[in-house]
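Q: Contents of run.pdb (PDB, C-alpha atoms and all ligand atoms) are below:
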ATOM      1  CA  MET A   1      97.458-135.782  31.705  1.00  0.00           C
ATOM      2  CA  THR A   2      93.694-136.217  31.488  1.00  0.00           C
ATOM      3  CA  THR A   3      91.679-134.551  28.744  1.00  0.00           C
ATOM      4  CA  THR A   4      88.127-133.698  29.783  1.00  0.00           C
ATOM      5  CA  VAL A   5      85.127-133.862  27.482  1.00  0.00           C
ATOM      6  CA  ALA A   6      81.959-132.316  28.913  1.00  0.00           C
ATOM      7  CA  ILE A   7      78.571-133.273  27.509  1.00  0.00           C
ATOM      8  CA  ALA A   8      76.182-130.398  28.189  1.00  0.00           C
ATOM      9  CA  TYR A   9      72.670-131.516  27.354  1.00  0.00           C
ATOM     10  CA  ALA A  10      68.975-130.920  27.931  1.00  0.00           C
ATOM     11  CA  SER A  11      66.260-133.554  27.685  1.00  0.00           C
ATOM     12  CA  GLY A  12      62.554-133.211  28.382  1.00  0.00           C
ATOM     13  CA  TYR A  13      61.546-136.879  28.468  1.00  0.00           C
ATOM     14  CA  GLY A  14      64.806-138.856  28.552  1.00  0.00           C
ATOM     15  CA  HIS A  15      65.471-139.678  24.884  1.00  0.00           C
ATOM     16  CA  THR A  16      68.181-137.074  24.367  1.00  0.00           C
ATOM     17  CA  ALA A  17      69.610-138.005  27.776  1.00  0.00           C
ATOM     18  CA  ARG A  18      70.039-141.554  26.448  1.00  0.00           C
ATOM     19  CA  GLN A  19      71.802-140.168  23.359  1.00  0.00           C
ATOM     20  CA  ALA A  20      73.992-138.050  25.666  1.00  0.00           C
ATOM     21  CA  ARG A  21      75.049-141.170  27.603  1.00  0.00           C
ATOM     22  CA  ALA A  22      76.080-142.812  24.327  1.00  0.00           C
ATOM     23  CA  VAL A  23      78.159-139.731  23.421  1.00  0.00           C
ATOM     24  CA  ALA A  24      79.840-139.983  26.844  1.00  0.00           C
ATOM     25  CA  THR A  25      80.552-143.702  26.339  1.00  0.00           C
ATOM     26  CA  GLY A  26      82.271-142.930  23.024  1.00  0.00           C
ATOM     27  CA  ALA A  27      84.325-140.095  24.516  1.00  0.00           C
ATOM     28  CA  ALA A  28      85.396-142.156  27.533  1.00  0.00           C
ATOM     29  CA  SER A  29      86.590-144.975  25.254  1.00  0.00           C
ATOM     30  CA  VAL A  30      89.550-142.821  24.208  1.00  0.00           C
ATOM     31  CA  GLU A  31      92.652-143.359  26.329  1.00  0.00           C
ATOM     32  CA  GLY A  32      93.398-140.501  28.706  1.00  0.00           C
ATOM     33  CA  VAL A  33      89.921-138.970  28.369  1.00  0.00           C
ATOM     34  CA  HIS A  34      87.451-138.299  31.147  1.00  0.00           C
ATOM     35  CA  ALA A  35      83.848-137.736  30.008  1.00  0.00           C
ATOM     36  CA  ASP A  36      81.399-135.826  32.194  1.00  0.00           C
ATOM     37  CA  LEU A  37      77.638-135.561  31.676  1.00  0.00           C
ATOM     38  CA  HIS A  38      75.980-132.269  32.646  1.00  0.00           C
ATOM     39  CA  ASP A  39      72.222-131.723  32.635  1.00  0.00           C
ATOM     40  CA  ILE A  40      72.110-128.017  31.739  1.00  0.00           C
ATOM     41  CA  GLN A  41      68.647-127.662  33.222  1.00  0.00           C
ATOM     42  CA  VAL A  42      70.551-127.221  36.511  1.00  0.00           C
ATOM     43  CA  LEU A  43      72.304-123.873  36.014  1.00  0.00           C
ATOM     44  CA  ASP A  44      74.547-123.789  39.076  1.00  0.00           C
ATOM     45  CA  ASP A  45      78.147-122.743  39.789  1.00  0.00           C
ATOM     46  CA  ALA A  46      79.316-126.361  39.559  1.00  0.00           C
ATOM     47  CA  LEU A  47      78.108-126.491  35.930  1.00  0.00           C
ATOM     48  CA  TRP A  48      79.929-123.309  34.874  1.00  0.00           C
ATOM     49  CA  GLN A  49      83.080-124.402  36.720  1.00  0.00           C
ATOM     50  CA  ALA A  50      83.052-127.818  35.041  1.00  0.00           C
ATOM     51  CA  LEU A  51      82.544-126.308  31.580  1.00  0.00           C
ATOM     52  CA  ALA A  52      85.324-123.773  32.213  1.00  0.00           C
ATOM     53  CA  GLU A  53      87.726-126.618  32.979  1.00  0.00           C
ATOM     54  CA  ALA A  54      86.712-128.871  30.048  1.00  0.00           C
ATOM     55  CA  ASP A  55      88.882-129.252  26.948  1.00  0.00           C
ATOM     56  CA  ALA A  56      85.817-129.959  24.798  1.00  0.00           C
ATOM     57  CA  ILE A  57      82.090-129.345  25.196  1.00  0.00           C
ATOM     58  CA  ILE A  58      79.556-131.391  23.247  1.00  0.00           C
ATOM     59  CA  PHE A  59      76.144-129.706  23.266  1.00  0.00           C
ATOM     60  CA  GLY A  60      72.942-131.748  23.062  1.00  0.00           C
ATOM     61  CA  THR A  61      69.262-130.894  22.929  1.00  0.00           C
ATOM     62  CA  PRO A  62      66.028-132.363  21.619  1.00  0.00           C
ATOM     63  CA  THR A  63      64.614-130.620  18.571  1.00  0.00           C
ATOM     64  CA  TYR A  64      61.466-128.835  19.684  1.00  0.00           C
ATOM     65  CA  MET A  65      59.501-126.820  17.133  1.00  0.00           C
ATOM     66  CA  GLY A  66      62.376-127.075  14.698  1.00  0.00           C
ATOM     67  CA  SER A  67      65.146-125.794  16.962  1.00  0.00           C
ATOM     68  CA  GLN A  68      66.781-126.238  20.359  1.00  0.00           C
ATOM     69  CA  SER A  69      64.504-126.656  23.363  1.00  0.00           C
ATOM     70  CA  ALA A  70      63.649-123.712  25.589  1.00  0.00           C
ATOM     71  CA  ALA A  71      65.766-125.281  28.355  1.00  0.00           C
ATOM     72  CA  PHE A  72      68.805-125.335  26.094  1.00  0.00           C
ATOM     73  CA  GLN A  73      68.147-121.774  24.937  1.00  0.00           C
ATOM     74  CA  THR A  74      67.961-120.662  28.594  1.00  0.00           C
ATOM     75  CA  PHE A  75      71.402-122.224  29.128  1.00  0.00           C
ATOM     76  CA  ALA A  76      72.715-120.604  25.918  1.00  0.00           C
ATOM     77  CA  GLU A  77      71.540-117.178  27.009  1.00  0.00           C
ATOM     78  CA  ALA A  78      72.918-117.664  30.529  1.00  0.00           C
ATOM     79  CA  SER A  79      76.322-118.395  28.942  1.00  0.00           C
ATOM     80  CA  VAL A  80      76.590-114.734  27.899  1.00  0.00           C
ATOM     81  CA  LYS A  81      78.652-114.146  31.066  1.00  0.00           C
ATOM     82  CA  VAL A  82      81.193-116.695  29.828  1.00  0.00           C
ATOM     83  CA  TRP A  83      80.984-115.198  26.323  1.00  0.00           C
ATOM     84  CA  SER A  84      81.791-111.694  27.629  1.00  0.00           C
ATOM     85  CA  GLN A  85      85.141-113.060  28.833  1.00  0.00           C
ATOM     86  CA  MET A  86      85.611-115.449  25.874  1.00  0.00           C
ATOM     87  CA  GLY A  87      85.853-118.196  28.472  1.00  0.00           C
ATOM     88  CA  TRP A  88      85.292-121.054  25.998  1.00  0.00           C
ATOM     89  CA  ARG A  89      87.465-119.669  23.175  1.00  0.00           C
ATOM     90  CA  ASP A  90      89.621-122.391  21.572  1.00  0.00           C
ATOM     91  CA  LYS A  91      87.788-125.245  23.277  1.00  0.00           C
ATOM     92  CA  ILE A  92      86.554-127.984  20.988  1.00  0.00           C
ATOM     93  CA  GLY A  93      82.808-127.888  20.254  1.00  0.00           C
ATOM     94  CA  ALA A  94      80.329-130.329  18.700  1.00  0.00           C
ATOM     95  CA  ALA A  95      76.638-131.185  18.989  1.00  0.00           C
ATOM     96  CA  PHE A  96      73.899-133.777  18.806  1.00  0.00           C
ATOM     97  CA  THR A  97      70.133-133.672  18.626  1.00  0.00           C
ATOM     98  CA  ASN A  98      67.196-136.060  18.715  1.00  0.00           C
ATOM     99  CA  SER A  99      63.624-135.695  17.526  1.00  0.00           C
ATOM    100  CA  ALA A 100      60.553-137.723  16.593  1.00  0.00           C
ATOM    101  CA  GLY A 101      60.468-137.072  12.856  1.00  0.00           C
ATOM    102  CA  VAL A 102      63.024-138.778  10.610  1.00  0.00           C
ATOM    103  CA  ASN A 103      63.901-135.309   9.375  1.00  0.00           C
ATOM    104  CA  GLY A 104      62.055-133.250  11.984  1.00  0.00           C
ATOM    105  CA  ASP A 105      64.191-130.165  11.120  1.00  0.00           C
ATOM    106  CA  LYS A 106      67.112-131.495  13.167  1.00  0.00           C
ATOM    107  CA  LEU A 107      69.621-129.764  10.869  1.00  0.00           C
ATOM    108  CA  ASN A 108      68.265-126.402  11.959  1.00  0.00           C
ATOM    109  CA  THR A 109      69.027-127.318  15.580  1.00  0.00           C
ATOM    110  CA  LEU A 110      72.584-128.411  14.772  1.00  0.00           C
ATOM    111  CA  THR A 111      73.151-125.259  12.712  1.00  0.00           C
ATOM    112  CA  SER A 112      71.962-123.153  15.620  1.00  0.00           C
ATOM    113  CA  LEU A 113      74.318-124.979  18.008  1.00  0.00           C
ATOM    114  CA  ALA A 114      77.239-124.524  15.584  1.00  0.00           C
ATOM    115  CA  VAL A 115      76.548-120.777  15.516  1.00  0.00           C
ATOM    116  CA  PHE A 116      76.360-120.798  19.327  1.00  0.00           C
ATOM    117  CA  ALA A 117      79.778-122.511  19.525  1.00  0.00           C
ATOM    118  CA  ALA A 118      81.213-120.078  16.970  1.00  0.00           C
ATOM    119  CA  GLN A 119      79.970-117.130  19.036  1.00  0.00           C
ATOM    120  CA  HIS A 120      82.008-118.595  21.880  1.00  0.00           C
ATOM    121  CA  GLY A 121      85.101-118.899  19.631  1.00  0.00           C
ATOM    122  CA  MET A 122      85.131-122.703  19.781  1.00  0.00           C
ATOM    123  CA  HIS A 123      86.564-125.090  17.156  1.00  0.00           C
ATOM    124  CA  TRP A 124      83.771-127.151  15.621  1.00  0.00           C
ATOM    125  CA  VAL A 125      84.076-130.910  15.085  1.00  0.00           C
ATOM    126  CA  SER A 126      81.737-132.437  12.500  1.00  0.00           C
ATOM    127  CA  LEU A 127      80.394-135.994  12.626  1.00  0.00           C
ATOM    128  CA  GLY A 128      82.904-137.279  10.078  1.00  0.00           C
ATOM    129  CA  LEU A 129      80.827-140.191   8.768  1.00  0.00           C
ATOM    130  CA  PRO A 130      79.387-140.929   5.334  1.00  0.00           C
ATOM    131  CA  PRO A 131      75.597-141.068   5.204  1.00  0.00           C
ATOM    132  CA  GLY A 132      74.048-144.509   5.679  1.00  0.00           C
ATOM    133  CA  TRP A 133      70.717-146.205   4.968  1.00  0.00           C
ATOM    134  CA  LEU A 134      68.908-144.757   1.917  1.00  0.00           C
ATOM    135  CA  TYR A 135      71.998-143.048   0.471  1.00  0.00           C
ATOM    136  CA  THR A 136      72.493-146.224  -1.568  1.00  0.00           C
ATOM    137  CA  SER A 137      69.838-148.839  -2.322  1.00  0.00           C
ATOM    138  CA  ASP A 138      71.652-151.540  -0.338  1.00  0.00           C
ATOM    139  CA  GLY A 139      71.736-149.550   2.925  1.00  0.00           C
ATOM    140  CA  THR A 140      69.759-150.557   5.995  1.00  0.00           C
ATOM    141  CA  PRO A 141      68.351-148.675   9.033  1.00  0.00           C
ATOM    142  CA  GLN A 142      71.096-150.386  11.075  1.00  0.00           C
ATOM    143  CA  ASP A 143      73.786-148.376   9.242  1.00  0.00           C
ATOM    144  CA  LEU A 144      75.937-145.987  11.208  1.00  0.00           C
ATOM    145  CA  ASN A 145      74.698-142.420  10.572  1.00  0.00           C
ATOM    146  CA  ARG A 146      71.461-143.807   9.098  1.00  0.00           C
ATOM    147  CA  LEU A 147      69.950-140.285   9.238  1.00  0.00           C
ATOM    148  CA  GLY A 148      72.748-138.895   7.061  1.00  0.00           C
ATOM    149  CA  GLY A 149      73.834-135.879   9.129  1.00  0.00           C
ATOM    150  CA  PHE A 150      77.216-134.164   8.719  1.00  0.00           C
ATOM    151  CA  LEU A 151      77.228-131.239  11.157  1.00  0.00           C
ATOM    152  CA  GLY A 152      76.660-133.396  14.236  1.00  0.00           C
ATOM    153  CA  ALA A 153      75.004-136.586  15.471  1.00  0.00           C
ATOM    154  CA  MET A 154      71.297-137.028  14.771  1.00  0.00           C
ATOM    155  CA  ALA A 155      68.918-139.473  16.466  1.00  0.00           C
ATOM    156  CA  GLN A 156      65.251-140.210  16.004  1.00  0.00           C
ATOM    157  CA  SER A 157      62.830-141.399  18.671  1.00  0.00           C
ATOM    158  CA  PRO A 158      59.264-142.334  17.633  1.00  0.00           C
ATOM    159  CA  SER A 159      56.917-140.272  19.769  1.00  0.00           C
ATOM    160  CA  ASP A 160      55.142-143.363  21.153  1.00  0.00           C
ATOM    161  CA  LEU A 161      58.322-145.057  22.437  1.00  0.00           C
ATOM    162  CA  GLY A 162      59.938-144.326  25.789  1.00  0.00           C
ATOM    163  CA  PRO A 163      63.661-143.672  26.280  1.00  0.00           C
ATOM    164  CA  ASP A 164      64.135-147.354  27.169  1.00  0.00           C
ATOM    165  CA  ALA A 165      63.286-148.201  23.510  1.00  0.00           C
ATOM    166  CA  ALA A 166      64.550-145.171  21.553  1.00  0.00           C
ATOM    167  CA  PRO A 167      66.721-143.798  19.996  1.00  0.00           C
ATOM    168  CA  SER A 168      67.674-146.826  17.887  1.00  0.00           C
ATOM    169  CA  ASP A 169      70.870-148.816  18.270  1.00  0.00           C
ATOM    170  CA  SER A 170      72.190-147.254  15.056  1.00  0.00           C
ATOM    171  CA  ASP A 171      71.620-143.724  16.366  1.00  0.00           C
ATOM    172  CA  LEU A 172      73.258-144.582  19.704  1.00  0.00           C
ATOM    173  CA  ARG A 173      76.326-145.982  17.899  1.00  0.00           C
ATOM    174  CA  THR A 174      76.412-142.798  15.804  1.00  0.00           C
ATOM    175  CA  ALA A 175      76.343-140.776  19.041  1.00  0.00           C
ATOM    176  CA  GLU A 176      79.200-142.885  20.419  1.00  0.00           C
ATOM    177  CA  HIS A 177      81.150-142.166  17.252  1.00  0.00           C
ATOM    178  CA  LEU A 178      80.740-138.408  17.753  1.00  0.00           C
ATOM    179  CA  GLY A 179      81.930-138.663  21.361  1.00  0.00           C
ATOM    180  CA  ARG A 180      84.970-140.677  20.314  1.00  0.00           C
ATOM    181  CA  ARG A 181      85.852-138.301  17.457  1.00  0.00           C
ATOM    182  CA  VAL A 182      85.596-135.222  19.664  1.00  0.00           C
ATOM    183  CA  ALA A 183      87.695-136.894  22.382  1.00  0.00           C
ATOM    184  CA  GLN A 184      90.408-137.835  19.863  1.00  0.00           C
ATOM    185  CA  THR A 185      90.448-134.268  18.538  1.00  0.00           C
ATOM    186  CA  ALA A 186      90.623-132.837  22.065  1.00  0.00           C
ATOM    187  CA  VAL A 187      93.593-135.095  22.888  1.00  0.00           C
ATOM    188  CA  ARG A 188      95.413-133.894  19.744  1.00  0.00           C
ATOM    189  CA  PHE A 189      94.750-130.260  20.644  1.00  0.00           C
ATOM    190  CA  ALA A 190      95.962-130.757  24.218  1.00  0.00           C
ATOM    191  CA  LEU A 191      99.120-132.443  22.946  1.00  0.00           C
ATOM    192  CA  GLY A 192      99.701-129.628  20.449  1.00  0.00           C
ATOM    193  CA  ARG A 193      99.348-127.019  23.187  1.00  0.00           C
ATOM    194  CA  ARG A 194     101.887-128.835  25.364  1.00  0.00           C
ATOM    195  CA  LEU A 195     104.333-129.062  22.449  1.00  0.00           C
ATOM    196  CA  GLN A 196     103.883-125.358  21.704  1.00  0.00           C
ATOM    197  CA  ALA A 197     104.528-124.527  25.350  1.00  0.00           C
ATOM    198  CA  VAL A 198     107.939-126.225  25.335  1.00  0.00           C
ATOM    199  CA  ALA A 199     108.938-125.094  21.799  1.00  0.00           C
TER
HETATM  200  C1  LIG B   1      57.311-129.010  22.396  1.00  0.00           C
HETATM  201  C2  LIG B   1      57.763-130.116  21.472  1.00  0.00           C
HETATM  202  C3  LIG B   1      58.140-129.777  20.187  1.00  0.00           C
HETATM  203  C4  LIG B   1      58.592-130.772  19.316  1.00  0.00           C
HETATM  204  N1  LIG B   1      59.016-130.421  18.073  1.00  0.00           N
HETATM  205  C5  LIG B   1      59.510-131.374  17.250  1.00  0.00           C
HETATM  206  C6  LIG B   1      60.015-131.016  15.961  1.00  0.00           C
HETATM  207  O1  LIG B   1      60.076-129.848  15.567  1.00  0.00           O
HETATM  208  N2  LIG B   1      60.452-132.020  15.165  1.00  0.00           N
HETATM  209  C7  LIG B   1      60.393-133.334  15.539  1.00  0.00           C
HETATM  210  O2  LIG B   1      60.776-134.200  14.752  1.00  0.00           O
HETATM  211  N3  LIG B   1      59.963-133.697  16.784  1.00  0.00           N
HETATM  212  C8  LIG B   1      59.545-132.739  17.632  1.00  0.00           C
HETATM  213  N4  LIG B   1      59.141-133.075  18.897  1.00  0.00           N
HETATM  214  C9  LIG B   1      59.332-134.455  19.369  1.00  0.00           C
HETATM  215  C10 LIG B   1      60.600-134.571  20.211  1.00  0.00           C
HETATM  216  O3  LIG B   1      61.723-134.046  19.535  1.00  0.00           O
HETATM  217  C11 LIG B   1      60.879-136.035  20.570  1.00  0.00           C
HETATM  218  O4  LIG B   1      59.774-136.547  21.293  1.00  0.00           O
HETATM  219  C12 LIG B   1      62.161-136.247  21.332  1.00  0.00           C
HETATM  220  O5  LIG B   1      62.436-137.623  21.417  1.00  0.00           O
HETATM  221  C13 LIG B   1      62.090-135.671  22.737  1.00  0.00           C
HETATM  222  O6  LIG B   1      63.357-135.798  23.338  1.00  0.00           O
HETATM  223  P1  LIG B   1      63.513-135.749  24.917  1.00  0.00           P
HETATM  224  O7  LIG B   1      62.860-136.987  25.488  1.00  0.00           O
HETATM  225  O8  LIG B   1      64.983-135.718  25.170  1.00  0.00           O
HETATM  226  O9  LIG B   1      62.813-134.496  25.368  1.00  0.00           O
HETATM  227  C14 LIG B   1      58.664-132.121  19.770  1.00  0.00           C
HETATM  228  C15 LIG B   1      58.262-132.440  21.076  1.00  0.00           C
HETATM  229  C16 LIG B   1      57.824-131.451  21.921  1.00  0.00           C
HETATM  230  C17 LIG B   1      57.445-131.806  23.340  1.00  0.00           C
END
Write out the structure in this file as structure tokens.
A:
Amino acid sequence: MTTTVAIAYASGYGHTARQARAVATGAASVEGVHADLHDIQVLDDALWQALAEADAIIFGTPTYMGSQSAAFQTFAEASVKVWSQMGWRDKIGAAFTNSAGVNGDKLNTLTSLAVFAAQHGMHWVSLGLPPGWLYTSDGTPQDLNRLGGFLGAMAQSPSDLGPDAAPSDSDLRTAEHLGRRVAQTAVRFALGRRLQAVA
């Protein structure tokens, strides 16, 4: 049986889209997992159908003015129809964000997305990595999780670099890690459900 991980993301200028592709690469590296990228700026029936059928949804947005972008918030508010039927309850949820500042208030965005997933009754998956880089004096910017997030995957894109040059390799590997971890968790959940069904 195939386990499906949907990556539901917004991106204004392509940087978060690049991070989303890395998340998808990580998820698809897990045996038996199909990863699907969905640009949530297109709010059509195909999007809602795909998200309804997914085992896990990983939400992604750039951090704009310290929180999710307006495009992501439009998607979040449109999901109230799904919420009214608890359509995503017990799916796996996780998130990633990208911004120009090293800090840039990315944690506020991830916190907001965790609350969004909780409103939908989803099970949250954290990043599951120790902090890299400046956490110890021998760290380097090439470390996995160089930005030291826990709630989800963070990436940083200098505002004068295009999406061909940013986020950094470290941040893209961190995004891949999140995708892989969510996919592994989704497979375990799917297996557990099947075992429960025959017990
Ligand atoms: C309207 C707007 C607000 C922004 N607010 C922030 C912010 O609060 N913190 C930050 O670090 N960067 C901020 N940025 C920079 C973006 O997060 C950054 O350029 C990011 O790479 C854009 O991702 P995207 O190409 O996926 O849209 C902002 C950019 C825009 C256009």
Q: Using only C-alpha atoms and all ligand atoms, which residues of the polymer chains come no farther than 10 Å from ligand LIG 1 (chain B)? I'd like the answer as a ChimeraX atom specification.
A: /A:9-20,60-70,97-106,108-109,155-163,166-167
Q: Select, from A:Leu191, A:Ala199, A:Val80, A:Ala52, the residue with the minimum atom-to-atom distance to A:Thr2, counting all atoms listed in the file.
A: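 Closest candidate: A:Leu191.
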Q: I'd like the residues picked by the PyMOL selection byres (((chain A and resi 173-190) around 7) and not hetatm) written out as a VMD selection string, using the chain letters and numbers from the file.
A: chain A and resid 3 5 19 22 to 27 29 to 30 33 55 to 56 92 125 127 144 to 145 153 169 to 172 191 to 194
Q: Determine the residue membership of the PyMOL selection byres (((chain A and resi 51) around 12) and not hetatm) for the file above and supply it as a PDB file with C-alpha atoms, in the frame of the given file.
A:
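This went into expr-v6.pdb:
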ATOM      1  CA  THR A   4      88.127-133.698  29.783  1.00  0.00           C
ATOM      2  CA  VAL A   5      85.127-133.862  27.482  1.00  0.00           C
ATOM      3  CA  ALA A   6      81.959-132.316  28.913  1.00  0.00           C
ATOM      4  CA  ILE A   7      78.571-133.273  27.509  1.00  0.00           C
ATOM      5  CA  ALA A   8      76.182-130.398  28.189  1.00  0.00           C
ATOM      6  CA  TYR A   9      72.670-131.516  27.354  1.00  0.00           C
ATOM      7  CA  ALA A  35      83.848-137.736  30.008  1.00  0.00           C
ATOM      8  CA  ASP A  36      81.399-135.826  32.194  1.00  0.00           C
ATOM      9  CA  LEU A  37      77.638-135.561  31.676  1.00  0.00           C
ATOM     10  CA  HIS A  38      75.980-132.269  32.646  1.00  0.00           C
ATOM     11  CA  ASP A  39      72.222-131.723  32.635  1.00  0.00           C
ATOM     12  CA  ILE A  40      72.110-128.017  31.739  1.00  0.00           C
ATOM     13  CA  LEU A  43      72.304-123.873  36.014  1.00  0.00           C
ATOM     14  CA  ASP A  44      74.547-123.789  39.076  1.00  0.00           C
ATOM     15  CA  ASP A  45      78.147-122.743  39.789  1.00  0.00           C
ATOM     16  CA  ALA A  46      79.316-126.361  39.559  1.00  0.00           C
ATOM     17  CA  LEU A  47      78.108-126.491  35.930  1.00  0.00           C
ATOM     18  CA  TRP A  48      79.929-123.309  34.874  1.00  0.00           C
ATOM     19  CA  GLN A  49      83.080-124.402  36.720  1.00  0.00           C
ATOM     20  CA  ALA A  50      83.052-127.818  35.041  1.00  0.00           C
ATOM     21  CA  ALA A  52      85.324-123.773  32.213  1.00  0.00           C
ATOM     22  CA  GLU A  53      87.726-126.618  32.979  1.00  0.00           C
ATOM     23  CA  ALA A  54      86.712-128.871  30.048  1.00  0.00           C
ATOM     24  CA  ASP A  55      88.882-129.252  26.948  1.00  0.00           C
ATOM     25  CA  ALA A  56      85.817-129.959  24.798  1.00  0.00           C
ATOM     26  CA  ILE A  57      82.090-129.345  25.196  1.00  0.00           C
ATOM     27  CA  ILE A  58      79.556-131.391  23.247  1.00  0.00           C
ATOM     28  CA  PHE A  59      76.144-129.706  23.266  1.00  0.00           C
ATOM     29  CA  SER A  79      76.322-118.395  28.942  1.00  0.00           C
ATOM     30  CA  VAL A  82      81.193-116.695  29.828  1.00  0.00           C
ATOM     31  CA  GLY A  87      85.853-118.196  28.472  1.00  0.00           C
ATOM     32  CA  TRP A  88      85.292-121.054  25.998  1.00  0.00           C
ATOM     33  CA  ARG A  89      87.465-119.669  23.175  1.00  0.00           C
ATOM     34  CA  LYS A  91      87.788-125.245  23.277  1.00  0.00           C
ATOM     35  CA  ILE A  92      86.554-127.984  20.988  1.00  0.00           C
ATOM     36  CA  GLY A  93      82.808-127.888  20.254  1.00  0.00           C
TER      37      GLY A  93
END
Q: Go through the shown structure with the PyMOL selection byres (((chain A and resi 130) around 8) and not hetatm) and write out the matching residues as a count of residues only.
A: 7
Q: By how many Å are atom CA of A:Leu134 and atom CA of A:Leu151 apart?
A: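 Atom-to-atom, atom CA of A:Leu134 and atom CA of A:Leu151 are spaced 18.4 Å apart.
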Q: Quote the spacing between atom CA of A:Tyr135 and atom CA of A:Leu147 in Å to one decimal place.
A: 9.4 Å
Q: If I take atom CA of A:Trp83 and atom CA of A:His120, how far is one from the other in Å, to one decimal?
A: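 The value is 5.7 Å.
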Q: Just the residues within 7 Å of A:Trp133, please, counting all atoms listed in the file, with nothing from its chain fewer than 6 positions along; format it as a PyMOL selection string.
A: chain A and resi 139-141+143+146
Q: How big is the axis-aligned box around all listed atoms of stretch 155-163 of chain A once 5 Å goes on each side, and where's its centre, in Å to one decimal, as AutoDock Vina command-line options?
A:
--center_x 62.0 --center_y -142.3 --center_z 21.1 --size_x 23.8 --size_y 15.6 --size_z 20.3
Q: Counting all atoms listed in the file, figure out which residue out of A:Met1, A:Gln119, A:Phe72, A:Leu107 gets nearest to A:Gly32.
A: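 Between A:Met1, A:Gln119, A:Phe72, A:Leu107, the residue approaching A:Gly32 most closely is A:Met1.
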